[in-house]
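Have a look at query29.cif; it's mmCIF, C-alpha atoms and all ligand atoms:
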data_entry
#
loop_
_atom_site.label_atom_id
_atom_site.label_comp_id
_atom_site.auth_asym_id
_atom_site.auth_seq_id
_atom_site.Cartn_x
_atom_site.Cartn_y
_atom_site.Cartn_z
CA MET A 25 -5.07 12.82 31.26
CA SER A 26 -8.79 12.97 30.47
CA THR A 27 -10.72 16.15 31.28
CA ILE A 28 -13.86 14.05 31.86
CA SER A 29 -14.15 10.95 34.06
CA PHE A 30 -16.09 7.88 33.01
CA SER A 31 -17.44 4.97 35.07
CA THR A 32 -16.04 1.44 34.72
CA ALA A 33 -19.32 0.39 33.08
CA GLN A 34 -19.03 3.18 30.49
CA LEU A 35 -15.42 2.27 29.74
CA LYS A 36 -16.26 -1.44 29.33
CA LYS A 37 -19.18 -0.66 27.02
CA GLU A 38 -16.96 1.58 24.88
CA ALA A 39 -14.21 -1.07 24.76
CA GLU A 40 -16.76 -3.65 23.59
CA ARG A 41 -17.99 -1.28 20.87
CA LEU A 42 -14.43 -0.71 19.64
CA PHE A 43 -13.58 -4.41 19.87
CA CYS A 44 -16.49 -5.31 17.55
CA HIS A 45 -14.87 -3.23 14.76
CA LEU A 46 -11.22 -3.84 15.53
CA LYS A 47 -10.97 -7.53 16.41
CA SER A 48 -10.44 -8.53 12.78
CA LEU A 49 -7.47 -6.11 12.73
CA SER A 50 -5.91 -8.09 15.63
CA TRP A 51 -6.73 -5.55 18.33
CA SER A 52 -7.31 -7.20 21.70
CA TYR A 53 -10.13 -6.25 24.09
CA ASP A 54 -7.44 -4.82 26.40
CA ASP A 55 -6.10 -2.59 23.57
CA CYS A 56 -9.65 -1.28 23.13
CA LEU A 57 -9.99 -0.68 26.89
CA THR A 58 -6.82 1.44 26.77
CA TYR A 59 -8.28 3.62 24.00
CA ALA A 60 -11.78 3.86 25.51
CA PRO A 61 -11.20 6.93 27.78
CA LEU A 62 -9.91 8.94 24.82
CA THR A 63 -12.63 7.98 22.33
CA LEU A 64 -15.32 8.58 24.99
CA GLU A 65 -13.83 11.99 25.81
CA ILE A 66 -13.63 13.00 22.13
CA ASN A 67 -17.21 11.89 21.47
CA THR A 68 -18.39 13.90 24.52
CA LEU A 69 -16.44 16.99 23.40
CA LYS A 70 -17.97 16.67 19.93
CA ARG A 71 -21.48 16.75 21.40
CA GLN A 72 -20.65 19.69 23.69
CA ARG A 73 -19.26 21.73 20.79
CA HIS A 74 -21.89 20.66 18.26
CA ALA A 75 -19.10 19.27 16.08
CA VAL A 76 -19.15 16.63 13.36
CA LEU A 77 -16.02 14.59 12.65
CA LEU A 78 -15.45 13.72 8.99
CA ALA A 79 -12.72 11.18 8.24
CA HIS A 80 -11.19 9.97 5.00
CA SER A 81 -10.97 6.17 4.58
CA TYR A 82 -7.16 6.38 4.89
CA GLN A 83 -7.39 7.42 8.55
CA THR A 84 -6.31 4.94 11.22
CA PRO A 85 -8.99 2.52 12.54
CA ASP A 86 -9.09 4.13 16.02
CA ILE A 87 -10.27 7.33 14.28
CA VAL A 88 -12.57 5.63 11.75
CA TYR A 89 -14.34 3.37 14.27
CA GLY A 90 -13.69 5.32 17.48
CA VAL A 91 -14.68 8.90 16.74
CA ALA A 92 -15.70 9.51 13.10
CA ASP A 93 -19.31 10.42 12.29
CA PHE A 94 -18.79 9.83 8.59
CA THR A 95 -15.98 8.06 6.76
CA GLY A 96 -15.62 8.16 2.99
CA ASP A 97 -13.83 9.33 -0.14
CA SER A 98 -13.11 12.90 -1.23
CA TYR A 99 -16.46 13.18 -3.01
CA GLY A 100 -18.56 11.75 -0.17
CA LEU A 101 -16.77 13.92 2.36
CA SER A 102 -17.44 17.07 0.33
CA VAL A 103 -21.14 16.18 0.12
CA GLU A 104 -21.27 15.65 3.91
CA ALA A 105 -19.38 18.89 4.58
CA LYS A 106 -21.78 20.83 2.35
CA LYS A 107 -24.94 19.54 4.03
CA THR A 108 -23.96 19.34 7.70
CA ASP A 109 -25.83 21.49 10.20
CA ALA A 110 -23.15 21.06 12.89
CA SER A 111 -21.42 24.27 13.97
CA VAL A 112 -17.93 22.79 13.75
CA ILE A 113 -16.38 20.38 11.23
CA VAL A 114 -13.35 18.49 12.50
CA PHE A 115 -11.68 17.21 9.35
CA CYS A 116 -9.51 14.12 9.63
CA GLY A 117 -7.88 14.02 6.24
CA VAL A 118 -5.41 16.29 4.50
CA ARG A 119 -5.46 20.07 4.01
CA PHE A 120 -7.07 20.18 0.56
CA MET A 121 -10.02 18.16 1.92
CA ALA A 122 -10.52 20.49 4.89
CA GLU A 123 -10.26 23.47 2.52
CA THR A 124 -12.94 21.91 0.31
CA ALA A 125 -15.23 21.67 3.36
CA LYS A 126 -14.64 25.36 4.14
CA ILE A 127 -15.22 26.39 0.49
CA LEU A 128 -18.56 24.57 0.43
CA ASN A 129 -19.79 25.56 3.89
CA PRO A 130 -18.02 28.83 4.76
CA LYS A 131 -20.10 29.71 7.84
CA LYS A 132 -18.85 26.61 9.67
CA ARG A 133 -15.70 26.54 11.74
CA VAL A 134 -13.48 23.95 10.02
CA LEU A 135 -10.71 22.45 12.14
CA LEU A 136 -7.79 20.41 10.82
CA PRO A 137 -6.09 18.56 13.72
CA ALA A 138 -2.86 18.22 11.69
CA PRO A 139 -2.33 21.54 9.88
CA ASP A 140 0.83 20.19 8.22
CA ALA A 141 -1.10 17.34 6.51
CA GLY A 142 -0.24 18.24 2.92
CA CYS A 143 -0.44 16.10 -0.22
CA SER A 144 2.26 15.61 -2.86
CA LEU A 145 -0.31 16.19 -5.61
CA ALA A 146 -1.77 19.36 -4.13
CA ASP A 147 1.74 20.68 -3.42
CA SER A 148 2.90 20.09 -7.02
CA ILE A 149 1.05 23.04 -8.59
CA THR A 150 0.32 26.69 -7.80
CA ALA A 151 -2.30 29.14 -9.08
CA ALA A 152 0.45 30.92 -11.06
CA ASP A 153 1.26 27.61 -12.82
CA VAL A 154 -2.39 27.28 -13.85
CA ARG A 155 -2.46 30.83 -15.21
CA ILE A 156 0.59 30.03 -17.37
CA LEU A 157 -1.09 26.82 -18.65
CA LYS A 158 -4.24 28.78 -19.55
CA LYS A 159 -2.20 31.36 -21.47
CA LYS A 160 -0.45 28.58 -23.37
CA HIS A 161 -3.74 26.82 -24.23
CA PRO A 162 -6.38 29.55 -24.53
CA GLY A 163 -9.99 28.36 -24.42
CA VAL A 164 -9.12 24.83 -23.25
CA PRO A 165 -11.12 23.98 -20.09
CA VAL A 166 -9.09 23.40 -16.92
CA VAL A 167 -10.20 20.30 -15.02
CA CYS A 168 -8.63 20.13 -11.58
CA TYR A 169 -8.47 17.02 -9.48
CA VAL A 170 -9.84 17.76 -6.00
CA ASN A 171 -6.31 17.16 -4.64
CA THR A 172 -5.40 20.84 -5.17
CA ALA A 173 -5.21 23.98 -3.04
CA ALA A 174 -8.16 26.41 -2.95
CA GLU A 175 -6.19 28.93 -5.07
CA VAL A 176 -5.71 26.31 -7.82
CA LYS A 177 -9.41 25.38 -7.76
CA ALA A 178 -10.17 29.10 -8.08
CA GLU A 179 -8.27 29.17 -11.41
CA SER A 180 -10.05 26.06 -12.74
CA ASP A 181 -13.29 25.55 -14.67
CA VAL A 182 -14.38 22.37 -12.98
CA CYS A 183 -13.22 20.14 -10.18
CA VAL A 184 -13.33 16.32 -10.25
CA THR A 185 -12.63 13.48 -7.83
CA SER A 186 -11.55 9.90 -8.47
CA ALA A 187 -15.25 8.97 -8.27
CA ASN A 188 -16.39 11.11 -11.20
CA ALA A 189 -13.37 12.25 -13.29
CA LEU A 190 -14.22 10.30 -16.45
CA LYS A 191 -17.94 11.18 -16.35
CA ILE A 192 -17.18 14.90 -16.00
CA ILE A 193 -14.47 14.99 -18.66
CA GLU A 194 -16.85 13.31 -21.09
CA ALA A 195 -19.59 15.82 -20.26
CA LEU A 196 -17.41 18.81 -21.17
CA GLN A 197 -17.63 20.49 -24.59
CA GLY A 198 -14.65 20.30 -26.94
CA LYS A 199 -11.99 17.75 -27.79
CA LYS A 200 -9.22 18.96 -25.49
CA ILE A 201 -8.87 19.47 -21.75
CA ILE A 202 -6.16 20.52 -19.33
CA PHE A 203 -6.10 18.02 -16.46
CA ILE A 204 -4.14 19.00 -13.34
CA PRO A 205 -2.09 18.01 -11.40
CA ASP A 206 -1.87 14.18 -11.55
CA LYS A 207 0.05 12.98 -14.61
CA LEU A 208 -0.57 9.29 -13.84
CA MET A 209 -4.32 9.73 -13.47
CA ALA A 210 -4.28 11.82 -16.66
CA ALA A 211 -2.58 8.93 -18.51
CA ASN A 212 -5.14 6.47 -17.11
CA LEU A 213 -8.03 8.70 -18.17
CA ALA A 214 -6.47 9.07 -21.62
CA MET A 215 -6.88 5.29 -22.09
CA LEU A 216 -10.65 5.69 -21.54
CA THR A 217 -11.54 8.89 -23.40
CA HIS A 218 -11.08 10.20 -26.93
CA LYS A 219 -10.33 13.68 -25.63
CA GLU A 220 -6.82 15.01 -25.83
CA ILE A 221 -5.46 15.57 -22.32
CA ILE A 222 -2.82 18.17 -21.50
CA SER A 223 -1.45 17.17 -18.12
CA TRP A 224 0.77 18.46 -15.32
CA ASN A 225 3.72 16.76 -13.69
CA GLY A 226 2.28 15.88 -10.25
CA THR A 227 2.22 12.42 -8.72
CA CYS A 228 0.98 10.84 -5.51
CA VAL A 229 3.99 9.67 -3.48
CA VAL A 230 1.94 6.77 -2.12
CA HIS A 231 0.51 5.38 -5.37
CA GLU A 232 3.49 5.96 -7.65
CA ARG A 233 5.49 3.48 -5.52
CA PHE A 234 3.42 0.45 -6.51
CA ASP A 235 5.11 -1.77 -9.05
CA VAL A 236 3.34 -4.05 -11.52
CA ALA A 237 5.78 -6.88 -10.60
CA GLN A 238 4.19 -6.98 -7.09
CA LEU A 239 0.78 -7.51 -8.67
CA ARG A 240 1.98 -10.24 -11.03
CA ALA A 241 3.70 -12.09 -8.19
CA GLN A 242 0.50 -12.08 -6.10
CA ARG A 243 -1.60 -13.21 -9.05
CA HIS A 244 0.82 -16.04 -9.72
CA GLU A 245 0.63 -17.17 -6.09
CA HIS A 246 -3.16 -16.75 -5.76
CA PRO A 247 -5.04 -17.69 -8.94
CA GLY A 248 -8.47 -16.06 -8.97
CA LEU A 249 -7.16 -13.00 -7.12
CA LYS A 250 -9.02 -9.76 -7.91
CA ILE A 251 -6.79 -6.70 -8.12
CA LEU A 252 -8.43 -3.36 -7.35
CA ALA A 253 -6.24 -0.29 -7.89
CA HIS A 254 -6.64 3.42 -7.21
CA SER A 255 -6.60 5.61 -10.32
CA GLU A 256 -3.54 7.51 -9.02
CA CYS A 257 -1.36 4.44 -9.84
CA ASN A 258 0.61 4.17 -13.08
CA SER A 259 -0.81 2.80 -16.34
CA ASP A 260 1.05 -0.55 -16.13
CA ILE A 261 -0.80 -1.22 -12.87
CA MET A 262 -4.07 -0.22 -14.49
CA LYS A 263 -3.57 -2.66 -17.37
CA GLU A 264 -3.00 -5.49 -14.87
CA ALA A 265 -5.81 -4.54 -12.46
CA ASP A 266 -9.43 -5.75 -12.56
CA LEU A 267 -10.69 -2.34 -11.44
CA MET A 268 -9.33 1.17 -11.58
CA GLY A 269 -11.20 3.68 -9.43
CA GLY A 270 -11.44 5.73 -6.28
CA THR A 271 -11.61 4.38 -2.74
CA THR A 272 -15.42 4.14 -2.82
CA ASP A 273 -15.35 2.20 -6.12
CA ILE A 274 -12.93 -0.24 -4.46
CA LEU A 275 -15.13 -0.59 -1.36
CA ARG A 276 -18.27 -1.09 -3.45
CA THR A 277 -16.59 -3.71 -5.63
CA VAL A 278 -15.47 -5.77 -2.61
CA LYS A 279 -18.95 -5.49 -1.07
CA ASN A 280 -20.75 -6.64 -4.22
CA SER A 281 -18.30 -9.35 -5.25
CA ARG A 282 -18.59 -13.07 -4.57
CA ASP A 283 -14.80 -13.37 -4.76
CA ARG A 284 -12.81 -13.99 -1.61
CA ASP A 285 -9.26 -12.91 -2.45
CA PHE A 286 -8.34 -9.32 -3.24
CA MET A 287 -5.21 -7.25 -3.65
CA ILE A 288 -5.96 -3.62 -2.85
CA VAL A 289 -3.50 -1.29 -4.54
CA THR A 290 -3.85 1.85 -2.45
CA GLU A 291 -3.19 3.31 1.00
CA CYS A 292 -3.26 0.95 4.00
CA GLY A 293 -6.14 2.74 5.75
CA LEU A 294 -8.59 1.46 3.15
CA VAL A 295 -7.25 -2.07 3.54
CA ASP A 296 -7.86 -1.83 7.32
CA ARG A 297 -11.42 -0.67 6.65
CA LEU A 298 -12.01 -3.60 4.31
CA ARG A 299 -10.54 -6.10 6.80
CA SER A 300 -12.80 -4.76 9.52
CA GLU A 301 -15.97 -4.62 7.40
CA PHE A 302 -15.49 -7.81 5.37
CA PRO A 303 -13.79 -10.26 7.77
CA GLU A 304 -14.82 -13.23 5.59
CA LYS A 305 -12.64 -11.97 2.68
CA ARG A 306 -8.85 -12.08 2.30
CA PHE A 307 -6.74 -9.04 1.46
CA LEU A 308 -3.33 -10.07 0.13
CA GLY A 309 -0.16 -8.27 -0.87
CA THR A 310 1.15 -5.01 0.51
CA CYS A 311 -0.22 -1.51 0.78
CA ASN A 312 1.58 1.85 1.20
CA LEU A 313 1.14 4.41 3.98
CA CYS A 314 0.37 8.08 3.31
CA PRO A 315 2.56 10.05 5.73
CA PHE A 316 0.24 13.07 5.47
CA MET A 317 -3.01 11.26 6.20
CA LYS A 318 -1.42 9.61 9.23
CA LYS A 319 -0.67 12.95 10.90
CA ASN A 320 -4.13 13.01 12.46
CA THR A 321 -4.25 11.18 15.78
CA LEU A 322 -6.73 10.80 18.65
CA ARG A 323 -4.44 13.11 20.67
CA ASN A 324 -4.49 16.02 18.24
CA ILE A 325 -8.24 15.52 17.65
CA ARG A 326 -8.85 15.87 21.40
CA GLN A 327 -6.58 18.92 21.54
CA VAL A 328 -8.28 20.63 18.57
CA LEU A 329 -11.68 20.14 20.20
CA LEU A 330 -10.46 21.47 23.56
CA LYS A 331 -8.52 24.51 22.32
CA PRO A 332 -7.68 24.84 18.62
CA ARG A 333 -4.53 26.68 17.68
CA LYS A 334 -4.78 29.38 15.02
CA ASP A 335 -2.99 27.20 12.43
CA GLN A 336 -5.61 24.46 12.94
CA VAL A 337 -8.51 26.72 11.92
CA VAL A 338 -9.03 26.63 8.13
CA GLU A 339 -9.49 30.10 6.60
CA ILE A 340 -9.74 30.99 2.90
CA PRO A 341 -9.89 34.56 1.51
CA GLU A 342 -13.47 35.18 0.30
CA THR A 343 -12.46 36.10 -3.28
CA VAL A 344 -10.56 32.80 -3.66
CA ARG A 345 -13.32 30.82 -1.92
CA LYS A 346 -16.06 32.11 -4.22
CA LYS A 347 -14.11 31.23 -7.37
CA ALA A 348 -13.13 27.80 -6.03
CA GLU A 349 -16.76 27.14 -5.07
CA ARG A 350 -17.77 27.64 -8.73
CA ALA A 351 -15.45 24.81 -9.83
CA LEU A 352 -16.82 22.52 -7.11
CA GLU A 353 -20.47 23.42 -7.81
CA ARG A 354 -19.90 22.66 -11.51
CA MET A 355 -18.66 19.20 -10.44
CA PHE A 356 -21.88 18.57 -8.47
CA GLU A 357 -23.95 19.73 -11.46
CA LEU A 358 -22.13 17.55 -14.02
CA ASN A 359 -22.12 14.56 -11.69
CA LYS A 360 -25.95 14.41 -11.52
P1 LIG A 401 -10.44 9.11 -2.98
O1 LIG A 401 -11.23 10.33 -3.26
O2 LIG A 401 -10.57 8.04 -4.00
O3 LIG A 401 -10.76 8.60 -1.60
O4 LIG A 401 -8.90 9.49 -3.01
C1 LIG A 401 -8.33 10.48 -2.23
C2 LIG A 401 -6.88 10.39 -2.22
O5 LIG A 401 -6.20 11.24 -1.70
C3 LIG A 401 -6.26 9.24 -2.84
O6 LIG A 401 -4.93 9.23 -2.63
FE1 LIG A 402 -2.10 12.97 -1.44
FE2 LIG A 402 -1.35 10.54 -2.18
FE3 LIG A 402 -1.67 11.06 0.40
FE4 LIG A 402 -3.81 10.90 -1.26
S1 LIG A 402 -2.42 9.27 -0.69
S2 LIG A 402 -3.42 12.47 0.31
S3 LIG A 402 -2.95 11.76 -3.12
S4 LIG A 402 -0.14 12.00 -0.96
#
Show how you would write the structure in this file as structure tokens.
Amino acid sequence: MSTISFSTAQLKKEAERLFCHLKSLSWSYDDCLTYAPLTLEINTLKRQRHAVLLAHSYQTPDIVYGVADFTGDSYGLSVEAKKTDASVIVFCGVRFMAETAKILNPKKRVLLPAPDAGCSLADSITAADVRILKKKHPGVPVVCYVNTAAEVKAESDVCVTSANALKIIEALQGKKIIFIPDKLMAANLAMLTHKEIISWNGTCVVHERFDVAQLRAQRHEHPGLKILAHSECNSDIMKEADLMGGTTDILRTVKNSRDRDFMIVTECGLVDRLRSEFPEKRFLGTCNLCPFMKKNTLRNIRQVLLKPRKDQVVEIPETVRKKAERALERMFELNK
């Protein structure tokens, strides 16, 4: 039940706005009319609370097109979080992303609608594990993928995202690096750099499930198909794909390409975004769902704006935050 009432004209206008974005995803106008009271209420609450809603591209289309103020990849979201002048950041993504927002802009109230939105990569390594690695390999710089907890970033020398990992590794001094926690991304980077990479044993439960046989079957059926894969996939996929990169690299490639047929080897949210934004192109094959990303819903976004629970407010001890901020700031510096 909405806490605010809207006129029929307002509801129809909102349904039309949603329908423009969602029709190519087979949403009907009536589906959009059903969602309109909730998206209108959330957008009103955001204004009342001076809140900005940041959403990762893997969020569902009702969030991306209904209520998000900015949608992007881990890097883009961290840039937005750092520069926002809103008082509240509602983060529709997973915990490590909301933590990154808090690390970079500590005076803001950062709310995570789904506090149990973890990540198999971030959950694969602890700060104590990093300390052991550093003892074993003294003097070797620790490069942490952004998909890590604040405490792990605090133990690292520099943070990277899928959008800048190779550039930053190449910019570091020395011939060896420790790259945590994604062993598949580490193997993919090793194919592109001369540096020796000491890796950890983490994997993404979404990307490790893709099989190169799926790609070959699609290519066989659709000659001319372009395969764009996320760098968290395994190296066999990378050898078969036309592009390995982050979600923004994939989006940019589709946008700038004259090709029509694509297979997108990543989470389904990005495929929905592409179908909505490039209705003239075809997206073939299957995608995988991230169970953590999908924990955010319009219902828990509304609830967090109305009355956040304690577990939905992101807090990081100041000593950890300051050290983690150094690793993130080094990323911004080296990414220039
Ligand atoms: P991007 O930064 O490429 O959007 O990736 C985030 C992520 O969690 C991929 O699984
Ligand atoms: Fe983590 Fe994989 Fe989900 Fe990304 S898709 S949030 S890496 S589990």
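The point (-0.1, 6.8, -5.6) has these residues within 7 Å of it, counting only C-alpha atoms: Thr227, Cys228, Val229, Val230, His231, Glu232, Arg233, Glu256, Cys257 and Thr290 of chain A.
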Within 6 Å of stretch 68-79 of chain A using all atoms listed in the file, minus same-chain residues under 3 positions, as a short mmCIF file (atom, residue, chain, number, x, y, z; two decimals) with C-alpha atoms, in the frame of the given file:
data_model
loop_
_atom_site.label_atom_id
_atom_site.label_comp_id
_atom_site.auth_asym_id
_atom_site.auth_seq_id
_atom_site.Cartn_x
_atom_site.Cartn_y
_atom_site.Cartn_z
CA GLU A 65 -13.83 11.99 25.81
CA ALA A 92 -15.70 9.51 13.10
CA ASP A 93 -19.31 10.42 12.29
CA PHE A 94 -18.79 9.83 8.59
CA THR A 95 -15.98 8.06 6.76
CA ALA A 110 -23.15 21.06 12.89
CA SER A 111 -21.42 24.27 13.97
CA VAL A 112 -17.93 22.79 13.75
CA ILE A 113 -16.38 20.38 11.23
CA VAL A 114 -13.35 18.49 12.50
CA PHE A 115 -11.68 17.21 9.35
CA CYS A 116 -9.51 14.12 9.63
CA GLY A 117 -7.88 14.02 6.24
#
Could you jot down the atom CA of A:Thr217 to atom CA of A:Asn312 separation for me, Å, one decimal place?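 Those two atoms sit 28.8 Å apart.
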Hey, could you make a per-residue contact list for chain A against ligand LIG 402 (chain A) with 7 Å as the cut-off, showing the nearest pair of atoms and its distance in Å to one decimal, counting only C-alpha atoms and all ligand atoms, sorted by chain and number, as CSV?
residue,atom,partner,partner_atom,distance
A:Val118,CA,A:LIG402,S2,6.0
A:Cys143,CA,A:LIG402,FE1,3.7
A:Ser144,CA,A:LIG402,S4,4.7
A:Leu145,CA,A:LIG402,FE1,5.6
A:Ala146,CA,A:LIG402,FE1,6.9
A:Asn171,CA,A:LIG402,S3,6.5
A:Cys228,CA,A:LIG402,FE2,4.1
A:Val229,CA,A:LIG402,S4,5.4
A:Val230,CA,A:LIG402,FE2,5.0
A:His231,CA,A:LIG402,FE2,6.3
A:Glu291,CA,A:LIG402,S1,6.2
A:Cys314,CA,A:LIG402,FE3,4.6
A:Pro315,CA,A:LIG402,FE3,6.9
A:Phe316,CA,A:LIG402,FE3,5.8
A:Met317,CA,A:LIG402,FE3,6.0
Based on the selection just made, write C-alpha atoms of those residues as a PDB file, in the frame of the given file.
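Output saved as result-v3.pdb:
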ATOM      1  CA  VAL A 118      -5.410  16.290   4.500  1.00  0.00           C
ATOM      2  CA  CYS A 143      -0.440  16.100  -0.220  1.00  0.00           C
ATOM      3  CA  SER A 144       2.260  15.610  -2.860  1.00  0.00           C
ATOM      4  CA  LEU A 145      -0.310  16.190  -5.610  1.00  0.00           C
ATOM      5  CA  ALA A 146      -1.770  19.360  -4.130  1.00  0.00           C
ATOM      6  CA  ASN A 171      -6.310  17.160  -4.640  1.00  0.00           C
ATOM      7  CA  CYS A 228       0.980  10.840  -5.510  1.00  0.00           C
ATOM      8  CA  VAL A 229       3.990   9.670  -3.480  1.00  0.00           C
ATOM      9  CA  VAL A 230       1.940   6.770  -2.120  1.00  0.00           C
ATOM     10  CA  HIS A 231       0.510   5.380  -5.370  1.00  0.00           C
ATOM     11  CA  GLU A 291      -3.190   3.310   1.000  1.00  0.00           C
ATOM     12  CA  CYS A 314       0.370   8.080   3.310  1.00  0.00           C
ATOM     13  CA  PRO A 315       2.560  10.050   5.730  1.00  0.00           C
ATOM     14  CA  PHE A 316       0.240  13.070   5.470  1.00  0.00           C
ATOM     15  CA  MET A 317      -3.010  11.260   6.200  1.00  0.00           C
TER      16      MET A 317
END
For A:Ser255, find every residue with an atom within 8 Å (counting only C-alpha atoms), except residues of its own chain fewer than 4 positions away, and show them as a PyMOL selection string. chain A and resi 186+208-209+212+262+268-270
Can you tell me which residues sit at most 6 Å away from ligand LIG 401 (chain A), counting only C-alpha atoms and all ligand atoms, written as an MDAnalysis selection string? chainID A and resid 97:99 185:186 270:271
Expected answer as a PyMOL selection string: all residues with atoms within 12 Å of (-2.4, 15.5, 17.7), only C-alpha atoms: chain A and resi 87+116+136-141+318-333+336
Separation of atom CA of A:Tyr82 from atom CA of A:Ser223, in Å and rounded to one decimal: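 Pair atom CA of A:Tyr82 / atom CA of A:Ser223 returns 26.0 Å.
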